[in-house]
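Q: See entry35.cif below, with mmCIF, C-alpha atoms.
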data_structure
#
loop_
_atom_site.label_atom_id
_atom_site.label_comp_id
_atom_site.auth_asym_id
_atom_site.auth_seq_id
_atom_site.Cartn_x
_atom_site.Cartn_y
_atom_site.Cartn_z
CA MET A 132 -14.59 -9.70 -16.68
CA LYS A 133 -16.60 -7.06 -14.79
CA ARG A 134 -19.99 -5.58 -15.67
CA ILE A 135 -19.80 -1.82 -16.24
CA PHE A 136 -23.22 -1.04 -17.81
CA THR A 137 -26.54 -2.78 -17.40
CA GLY A 138 -30.11 -2.82 -18.76
CA MET A 139 -29.54 -1.43 -22.28
CA THR A 140 -31.18 -1.94 -25.65
CA SER A 141 -29.22 -3.69 -28.37
CA ARG A 142 -28.70 -0.41 -30.24
CA ASN A 143 -27.32 1.44 -27.23
CA ALA A 144 -25.13 -1.51 -26.31
CA ASP A 145 -23.63 -1.55 -29.81
CA LEU A 146 -22.95 2.19 -29.54
CA ILE A 147 -21.06 1.72 -26.27
CA LEU A 148 -19.05 -1.15 -27.74
CA LEU A 149 -18.12 1.11 -30.63
CA ILE A 150 -17.01 3.88 -28.24
CA LEU A 151 -14.85 1.47 -26.27
CA ALA A 152 -13.37 -0.09 -29.42
CA SER A 153 -12.30 3.39 -30.58
CA GLN A 154 -10.28 3.65 -27.34
CA ASN A 155 -8.78 0.14 -27.72
CA ILE A 156 -10.76 -1.14 -24.74
CA ARG A 157 -11.95 -4.72 -25.16
CA ALA A 158 -15.54 -5.32 -24.05
CA ARG A 159 -18.42 -7.66 -24.74
CA LYS A 160 -22.18 -7.69 -24.30
CA SER A 161 -24.38 -10.27 -22.66
CA THR A 162 -28.08 -10.64 -21.90
CA GLY A 163 -29.01 -9.62 -18.37
CA SER A 164 -32.22 -9.65 -16.37
CA ARG A 165 -33.26 -6.12 -17.47
CA GLY A 166 -31.64 -5.94 -20.89
CA ILE A 167 -28.14 -6.12 -22.32
CA ASP A 168 -25.08 -5.73 -20.10
CA ILE A 169 -21.58 -4.58 -21.09
CA SER A 170 -18.51 -6.15 -19.46
CA THR A 171 -14.77 -5.48 -19.70
CA PHE A 172 -11.59 -6.56 -17.93
CA SER A 173 -11.42 -5.39 -14.31
CA ASP A 174 -8.34 -3.23 -14.82
CA HIS A 175 -10.08 -1.35 -17.66
CA ALA A 176 -13.42 -0.80 -15.90
CA ASP A 177 -12.73 2.71 -14.60
CA GLU A 178 -11.30 3.96 -17.88
CA ALA A 179 -14.15 2.40 -19.85
CA THR A 180 -16.85 4.09 -17.77
CA SER A 181 -15.08 7.45 -17.89
CA GLN A 182 -14.65 7.27 -21.68
CA VAL A 183 -18.31 6.44 -22.21
CA ALA A 184 -19.40 9.18 -19.79
CA ALA A 185 -17.20 11.70 -21.62
CA TYR A 186 -18.72 10.72 -24.97
CA PHE A 187 -22.31 11.23 -23.83
CA ARG A 188 -21.39 14.40 -21.96
CA GLU A 189 -19.85 15.90 -25.09
CA ASN A 190 -22.60 14.75 -27.44
CA ARG A 191 -25.48 15.42 -25.04
CA SER A 192 -27.73 12.68 -26.37
CA GLY A 193 -30.93 11.71 -24.63
CA PHE A 194 -29.54 8.32 -23.66
CA GLU A 195 -27.56 7.91 -20.44
CA PRO A 196 -26.07 4.45 -19.80
CA VAL A 197 -26.68 2.94 -16.37
CA SER A 198 -23.40 2.04 -14.65
CA SER A 199 -23.13 -1.12 -12.61
CA ALA A 200 -22.60 -0.10 -8.97
CA ALA A 201 -20.31 -3.08 -8.47
CA ALA A 202 -18.02 -1.82 -11.21
CA ILE A 203 -17.46 1.64 -9.72
CA PRO A 204 -16.60 1.48 -6.01
CA ALA A 205 -15.13 4.43 -4.12
CA GLY A 206 -12.05 5.86 -5.81
CA PHE A 207 -9.52 4.71 -3.22
CA VAL A 208 -11.05 1.35 -2.27
CA SER A 209 -9.60 -1.82 -3.76
CA PRO A 210 -8.56 -5.24 -2.40
CA GLY A 211 -4.96 -4.60 -3.41
CA ILE A 212 -4.62 -1.48 -1.29
CA PHE A 213 -5.84 -3.30 1.81
CA ILE A 214 -3.31 -6.07 1.16
CA ILE A 215 -0.53 -3.47 1.02
CA MET A 216 -1.76 -1.81 4.20
CA GLY A 217 -2.01 -5.19 5.92
CA LEU A 218 1.54 -6.08 4.88
CA LEU A 219 2.89 -2.83 6.35
CA ALA A 220 0.97 -3.42 9.58
CA VAL A 221 2.13 -7.05 9.90
CA ILE A 222 5.77 -6.09 9.34
CA HIS A 223 5.57 -3.34 11.97
CA LEU A 224 3.77 -5.61 14.45
CA GLY A 225 6.35 -8.37 13.96
CA ILE A 226 9.23 -5.98 14.53
CA GLU A 227 7.63 -4.53 17.65
CA MET A 228 6.84 -7.94 19.11
CA THR A 229 10.42 -9.16 18.63
CA GLY A 230 11.93 -5.92 19.92
CA THR A 231 14.20 -5.55 16.86
CA ARG A 232 13.07 -2.11 15.68
CA TRP A 233 16.45 -0.40 15.75
CA ASP A 234 18.27 -3.45 14.45
CA CYS A 235 15.93 -3.50 11.44
CA ILE A 236 16.26 0.25 10.91
CA LEU A 237 20.05 0.00 10.88
CA ALA A 238 20.00 -3.08 8.64
CA TYR A 239 17.28 -2.03 6.18
CA GLY A 240 16.84 1.74 6.51
CA SER A 241 17.67 4.09 3.64
CA SER A 242 21.21 4.96 4.66
CA GLY A 243 23.11 7.18 2.24
CA MET A 244 26.43 5.79 3.41
CA TYR A 245 25.46 2.18 2.70
CA ILE A 246 23.60 2.97 -0.53
CA PHE A 247 26.78 4.61 -1.83
CA GLN A 248 28.57 1.35 -1.03
CA GLY A 249 26.13 -0.65 -3.17
CA ASP A 250 23.31 -1.52 -0.74
CA THR A 251 20.66 -0.13 -3.07
CA TYR A 252 18.12 -2.62 -1.72
CA ARG A 253 17.72 -0.27 1.26
CA ALA A 254 15.79 2.15 -0.94
CA VAL A 255 13.11 -0.56 -1.17
CA THR A 256 13.16 -2.07 2.31
CA ALA A 257 13.10 1.33 4.04
CA LEU A 258 9.57 1.86 2.70
CA PHE A 259 8.29 -0.93 4.98
CA LEU A 260 9.84 0.30 8.25
CA HIS A 261 8.26 2.76 10.71
CA SER A 262 9.55 4.37 13.87
CA ASP A 263 6.35 3.90 15.90
CA THR A 264 2.64 3.15 15.59
CA ALA A 265 1.69 6.78 14.97
CA HIS A 266 4.15 6.89 12.08
CA LEU A 267 2.63 3.71 10.67
CA LEU A 268 -0.99 4.91 11.00
CA GLY A 269 -0.21 8.18 9.25
CA ASN A 270 1.33 6.36 6.33
CA LEU A 271 -1.50 3.83 6.18
CA ALA A 272 -3.94 6.71 5.78
CA GLY A 273 -1.76 8.17 3.03
CA ILE A 274 -1.53 4.81 1.27
CA LEU A 275 -5.32 4.49 1.31
CA LEU A 276 -6.01 8.03 0.07
CA PHE A 277 -3.25 8.39 -2.54
CA ALA A 278 -2.02 4.94 -3.56
CA GLY A 279 -5.58 3.57 -3.61
CA PRO A 280 -6.64 5.68 -6.62
CA ILE A 281 -3.42 4.72 -8.44
CA LEU A 282 -4.43 1.06 -8.17
CA ARG A 283 -7.97 1.87 -9.29
CA ILE A 284 -6.70 3.83 -12.30
CA SER A 285 -3.97 1.51 -13.52
CA GLY A 286 -4.63 -1.97 -12.08
CA TYR A 287 -3.74 -4.36 -9.27
CA GLY A 288 -0.29 -5.06 -10.73
CA SER A 289 0.71 -1.84 -12.49
CA GLY A 290 -0.45 0.30 -9.55
CA PRO A 291 1.78 -1.29 -6.88
CA LEU A 292 4.68 -1.34 -9.34
CA PHE A 293 4.27 2.39 -9.96
CA VAL A 294 4.04 3.23 -6.25
CA LEU A 295 7.07 1.06 -5.48
CA PHE A 296 9.05 2.66 -8.31
CA ALA A 297 8.19 6.18 -7.14
CA GLY A 298 9.05 5.42 -3.51
CA THR A 299 12.29 3.64 -4.37
CA GLY A 300 13.32 6.34 -6.83
CA GLY A 301 12.61 9.03 -4.26
CA ASN A 302 14.77 7.26 -1.68
CA LEU A 303 17.64 6.81 -4.12
CA ILE A 304 17.56 10.45 -5.22
CA ASN A 305 17.30 11.56 -1.60
CA ALA A 306 20.33 9.47 -0.68
CA GLY A 307 22.32 11.01 -3.52
CA PHE A 308 21.24 14.52 -2.57
CA ARG A 309 21.63 14.22 1.21
CA GLY A 310 24.84 12.19 1.30
CA THR A 311 26.16 9.90 4.00
CA ALA A 312 24.32 11.65 6.86
CA LEU A 313 21.00 10.23 5.70
CA LEU A 314 19.04 7.53 7.56
CA SER A 315 15.42 7.50 6.46
CA ILE A 316 12.51 5.06 6.87
CA GLY A 317 8.78 4.97 6.20
CA ALA A 318 6.29 4.58 3.37
CA SER A 319 5.73 8.32 3.15
CA THR A 320 8.13 8.59 0.18
CA ALA A 321 5.91 6.16 -1.73
CA VAL A 322 2.79 8.00 -0.53
CA MET A 323 4.14 11.25 -1.94
CA GLY A 324 5.10 9.40 -5.11
CA ALA A 325 1.49 8.30 -5.46
CA ALA A 326 0.34 11.91 -4.91
CA GLY A 327 2.71 13.05 -7.64
CA GLY A 328 1.38 10.33 -9.93
CA LEU A 329 -2.20 11.48 -9.35
CA ALA A 330 -1.18 15.05 -10.20
CA ALA A 331 0.36 13.84 -13.46
CA PHE A 332 -2.75 11.79 -14.24
CA GLN A 333 -5.04 14.79 -13.76
CA MET A 334 -2.81 17.02 -15.89
CA MET A 335 -2.79 14.54 -18.78
CA ARG A 336 -6.48 13.71 -18.86
CA LYS A 337 -8.19 14.32 -22.18
CA GLY A 338 -10.51 17.27 -22.45
CA PRO A 339 -10.80 20.90 -23.52
CA LEU A 340 -8.84 22.30 -20.60
CA ARG A 341 -7.01 25.61 -20.68
CA ARG A 342 -3.27 25.70 -20.05
CA ARG A 343 -3.86 27.34 -16.66
CA ASP A 344 -6.23 24.56 -15.64
CA ARG A 345 -3.75 21.85 -16.61
CA ILE A 346 -1.13 23.15 -14.20
CA MET A 347 -3.55 23.31 -11.27
CA PRO A 348 -3.22 19.58 -10.30
CA LEU A 349 0.55 20.02 -9.94
CA ILE A 350 0.08 23.12 -7.77
CA ALA A 351 -2.55 21.38 -5.66
CA GLY A 352 -0.36 18.28 -5.25
CA ALA A 353 2.69 20.33 -4.31
CA THR A 354 0.64 22.29 -1.77
CA LEU A 355 -0.69 19.10 -0.23
CA MET A 356 2.82 17.64 -0.09
CA ALA A 357 4.06 20.76 1.72
CA PHE A 358 1.13 20.59 4.16
CA LEU A 359 1.88 16.95 5.00
CA SER A 360 5.63 17.44 5.31
CA HIS A 361 5.68 18.94 8.77
CA GLY A 362 6.50 17.34 12.08
CA GLU A 363 9.41 16.18 14.13
CA ASN A 364 11.89 13.88 12.37
CA THR A 365 10.05 14.25 9.04
CA ASP A 366 12.37 13.76 6.07
CA VAL A 367 11.05 16.65 3.99
CA TRP A 368 13.46 16.04 1.10
CA ALA A 369 12.33 12.42 0.84
CA HIS A 370 8.76 13.72 0.44
CA VAL A 371 9.86 16.22 -2.21
CA PHE A 372 11.83 13.70 -4.24
CA GLY A 373 9.13 11.06 -3.89
CA PHE A 374 6.51 13.50 -5.19
CA LEU A 375 8.70 14.60 -8.10
CA CYS A 376 9.63 11.02 -8.99
CA GLY A 377 5.96 10.02 -9.00
CA PHE A 378 4.97 13.07 -11.04
CA PHE A 379 7.57 12.65 -13.79
CA ALA A 380 7.11 8.87 -13.86
CA GLY A 381 3.35 9.40 -14.18
CA ILE A 382 3.80 11.56 -17.27
CA PHE A 383 5.16 8.49 -19.07
CA PHE A 384 3.38 5.76 -17.12
CA PHE A 385 -0.28 6.67 -17.65
CA PRO A 386 -0.07 7.14 -21.44
CA LEU A 387 1.72 3.78 -21.64
CA THR A 388 -1.07 2.06 -19.70
CA THR A 389 -3.57 3.21 -22.32
CA VAL A 390 -1.41 1.82 -25.14
CA CYS A 391 0.00 -1.36 -23.59
CA ARG A 392 -3.18 -3.34 -23.11
CA PHE A 393 -2.93 -7.11 -23.06
CA ARG A 394 -4.54 -9.77 -20.97
CA PHE A 395 -1.56 -10.65 -18.76
CA ARG A 396 -0.32 -7.11 -18.16
CA GLU A 397 -1.47 -6.90 -14.55
CA PRO A 398 -0.28 -10.39 -13.48
CA MET A 399 3.11 -9.68 -15.07
CA ALA A 400 3.40 -6.31 -13.32
CA LEU A 401 2.45 -7.90 -10.00
CA VAL A 402 5.06 -10.64 -10.44
CA ILE A 403 7.73 -8.01 -11.22
CA THR A 404 6.74 -6.09 -8.09
CA LEU A 405 7.00 -9.20 -5.92
CA ILE A 406 10.35 -10.14 -7.46
CA ILE A 407 11.72 -6.68 -6.59
CA LEU A 408 10.48 -6.93 -3.01
CA VAL A 409 11.77 -10.47 -2.44
CA SER A 410 15.11 -9.64 -4.06
CA ALA A 411 15.53 -6.59 -1.80
CA VAL A 412 14.80 -8.59 1.35
CA PHE A 413 17.06 -11.43 0.23
CA ALA A 414 19.88 -9.01 -0.53
CA GLY A 415 19.55 -7.59 2.97
CA LEU A 416 19.60 -11.01 4.58
CA MET A 417 22.75 -11.95 2.68
CA LYS A 418 24.67 -9.01 4.17
#
Written as structure tokens, that's how I'd like the structure from this file.
A:
Amino acid sequence: MKRIFTGMTSRNADLILLILASQNIRARKSTGSRGIDISTFSDHADEATSQVAAYFRENRSGFEPVSSAAAIPAGFVSPGIFIIMGLLAVIHLGIEMTGTRWDCILAYGSSGMYIFQGDTYRAVTALFLHSDTAHLLGNLAGILLFAGPILRISGYGSGPLFVLFAGTGGNLINAGFRGTALLSIGASTAVMGAAGGLAAFQMMRKGPLRRRDRIMPLIAGATLMAFLSHGENTDVWAHVFGFLCGFFAGIFFFPLTTVCRFRFREPMALVITLIILVSAVFAGLMK
């Protein structure tokens, strides 16, 4: 478990535990060096701190809980996101060193013609291929800025599963829309899926927001997607469908993450993600 509040009196600690219990967030208190500390599971830390902050903001009491700095790092920084970025970099480096870039693109790229023939694994494997180093670096930056917060919000297992689902769904829809002429690669579809998911998350946050304010995250996300969808050989429709897939998936995904809370949720989601990835690669190798 991770510390989220430190140095409190017993009364204030009990109040915070009550607030978290009302939101179905499991937490416990322990004696620290400066008072009582509150801890919760790592994947619930961000939600727990935001719920407590919202309570004291709305009630405007004189007490303000002290958050543990270790529990609230920067919004897009997490070990999981660096693992994903490292995996993309290693795959690209290995392909470049062996000189098999075009062979891999033809074998694992998102080809509408082959997807229509049943090679649906390409919608997954295409996310890990890049045309050159500049293409890779751009997508790594997008993964850090957009997929990073998804992992921080939902967890180290649910986050990658969501991003993979959005990217894969965007590729499949793009293949169906574009037809047999399609050959697309790159993690940008998943990046836009993450951006769509963040827009959905902001729209569905609790609070006394006006209807006009609730639609603003979608407008901002769509504007950002359009701004990032320029350049030579950019598959604009893949970006569009990735964003939309992430947005509509997020409408259902984030409420479910607040309801489906159990200890092994994140390990199970991570295992499912790895099974999908391994199965896609294995299916490609068997062709």
Q: Run the PyMOL selection byres ((chain A and resi 235) around 12) on the file and write out the hits as a PyMOL selection string.
A: chain A and resi 222-223+225-227+229-234+236-241+253+256-257+259-262+316+412+415-416
Q: Please produce a file of those selected residues containing C-alpha atoms, as a PDB file, in the frame of the given file.
A:
ATOM      1  CA  ILE A 222       5.770  -6.090   9.340  1.00  0.00           C
ATOM      2  CA  HIS A 223       5.570  -3.340  11.970  1.00  0.00           C
ATOM      3  CA  GLY A 225       6.350  -8.370  13.960  1.00  0.00           C
ATOM      4  CA  ILE A 226       9.230  -5.980  14.530  1.00  0.00           C
ATOM      5  CA  GLU A 227       7.630  -4.530  17.650  1.00  0.00           C
ATOM      6  CA  THR A 229      10.420  -9.160  18.630  1.00  0.00           C
ATOM      7  CA  GLY A 230      11.930  -5.920  19.920  1.00  0.00           C
ATOM      8  CA  THR A 231      14.200  -5.550  16.860  1.00  0.00           C
ATOM      9  CA  ARG A 232      13.070  -2.110  15.680  1.00  0.00           C
ATOM     10  CA  TRP A 233      16.450  -0.400  15.750  1.00  0.00           C
ATOM     11  CA  ASP A 234      18.270  -3.450  14.450  1.00  0.00           C
ATOM     12  CA  ILE A 236      16.260   0.250  10.910  1.00  0.00           C
ATOM     13  CA  LEU A 237      20.050   0.000  10.880  1.00  0.00           C
ATOM     14  CA  ALA A 238      20.000  -3.080   8.640  1.00  0.00           C
ATOM     15  CA  TYR A 239      17.280  -2.030   6.180  1.00  0.00           C
ATOM     16  CA  GLY A 240      16.840   1.740   6.510  1.00  0.00           C
ATOM     17  CA  SER A 241      17.670   4.090   3.640  1.00  0.00           C
ATOM     18  CA  ARG A 253      17.720  -0.270   1.260  1.00  0.00           C
ATOM     19  CA  THR A 256      13.160  -2.070   2.310  1.00  0.00           C
ATOM     20  CA  ALA A 257      13.100   1.330   4.040  1.00  0.00           C
ATOM     21  CA  PHE A 259       8.290  -0.930   4.980  1.00  0.00           C
ATOM     22  CA  LEU A 260       9.840   0.300   8.250  1.00  0.00           C
ATOM     23  CA  HIS A 261       8.260   2.760  10.710  1.00  0.00           C
ATOM     24  CA  SER A 262       9.550   4.370  13.870  1.00  0.00           C
ATOM     25  CA  ILE A 316      12.510   5.060   6.870  1.00  0.00           C
ATOM     26  CA  VAL A 412      14.800  -8.590   1.350  1.00  0.00           C
ATOM     27  CA  GLY A 415      19.550  -7.590   2.970  1.00  0.00           C
ATOM     28  CA  LEU A 416      19.600 -11.010   4.580  1.00  0.00           C
TER      29      LEU A 416
END
Q: Find the residue from A:Val322, A:Ala330, A:Leu146, A:Val255 that sits nearest to Ile274 (chain A); use only C-alpha atoms when measuring.
A: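 Answer, going by the shortest atom-to-atom distance: A:Val322.
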Q: I'd like the contact shell of Thr388 (chain A) - 9 Å cut-off, all atoms listed in the file, skipping same-chain residues fewer than 5 positions apart - returned as JSON, numbers by chain.
A: {"A": [285, 289, 383]}
Q: For the selection you just gave me, I'd like the residues written to a file as a short mmCIF file (atom, residue, chain, number, x, y, z; two decimals), in the coordinates of the input, keeping C-alpha atoms.
A:
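The file below, result.cif, is the result:
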data_model
loop_
_atom_site.label_atom_id
_atom_site.label_comp_id
_atom_site.auth_asym_id
_atom_site.auth_seq_id
_atom_site.Cartn_x
_atom_site.Cartn_y
_atom_site.Cartn_z
CA SER A 285 -3.97 1.51 -13.52
CA SER A 289 0.71 -1.84 -12.49
CA PHE A 383 5.16 8.49 -19.07
#
Q: Can you list, as a list in words, every protein, DNA or RNA residue that comes within 8 Å of region 263-268 of chain A when you count all atoms listed in the file, leaving out same-chain residues fewer than 3 positions away?
A: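 In the requested format, the answer is Leu219, Ala220, His223, Leu271, Ala272 and Gly317 of chain A.
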Q: Starting from the shown file, work through the PyMOL selection byres ((chain A and resi 282) around 10) and note down what comes out as JSON, numbers by chain.
A: {"A": [174, 206, 207, 208, 209, 210, 211, 212, 277, 278, 279, 280, 281, 283, 284, 285, 286, 287, 288, 289, 290, 291, 292, 293, 294, 325]}
Q: If we count all atoms listed in the file, what is near region 373-377 of chain A at a cut-off of 9 Å, once residues fewer than 4 positions away on the same chain are taken out, given as a PyMOL selection string?
A: chain A and resi 293-294+296-302+304-305+319-331+352-353+356+368-369+381-382
Q: Pull the neighbourhood of (5.4, -4.7, -7.8) for me: all residues within 7 Å in file coordinates, counting only C-alpha atoms, as an MDAnalysis selection string.
A: chainID A and resid 288 291:292 295 400:405 407
Q: Could you work out an axis-aligned bounding box for all listed atoms of region 363-373 of chain A, with 5 Å added on each of the six sides, and give its centre and edge lengths in Å to one decimal, as JSON?
A:
{"center_x": 11.1, "center_y": 13.9, "center_z": 4.9, "size_x": 14.7, "size_y": 15.6, "size_z": 28.4}
Q: I'd like to know which of A:Arg142, A:Asp366, A:Leu314, A:Gln154 is closest to Tyr186 (chain A), using only C-alpha atoms.
A: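 Closest to Tyr186 (chain A) of all the choices is A:Gln154.
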Q: Report, in Å to a single decimal, how far apart CA of Arg134 (chain A) and CA of Ile167 (chain A) are.
A: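 CA of Arg134 (chain A) lies 10.5 Å from CA of Ile167 (chain A).
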Q: Go ahead and compute the interatomic distance for CA of Gly310 (chain A) and CA of Ile406 (chain A), in Å to one decimal.
A: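 Taking CA of Gly310 (chain A) as the start and CA of Ile406 (chain A) as the end point, the length is 28.0 Å.
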Q: So which one's closest to Gly269 (chain A), A:Cys391, A:Met216, A:Ile150, A:Leu313? Using all atoms listed in the file, please.
A: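 Between A:Cys391, A:Met216, A:Ile150, A:Leu313, the residue approaching Gly269 (chain A) most closely is A:Met216.
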Q: Restricting the calculation to only C-alpha atoms, which member of A:Asn270, A:Thr180, A:Ser161, A:Gln248 is positioned closest to Asp145 (chain A)?
A: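 Using only C-alpha atoms, the shortest distance to Asp145 (chain A) belongs to A:Ser161.
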Q: What is the distance between CA of Leu408 (chain A) and CA of Phe172 (chain A), in Å to one decimal?
A: 26.6 Å
Q: Closest to Phe332 (chain A) among A:Ala414, A:Leu303, A:Leu387, A:Ala318, using all atoms listed in the file?
A: A:Leu387
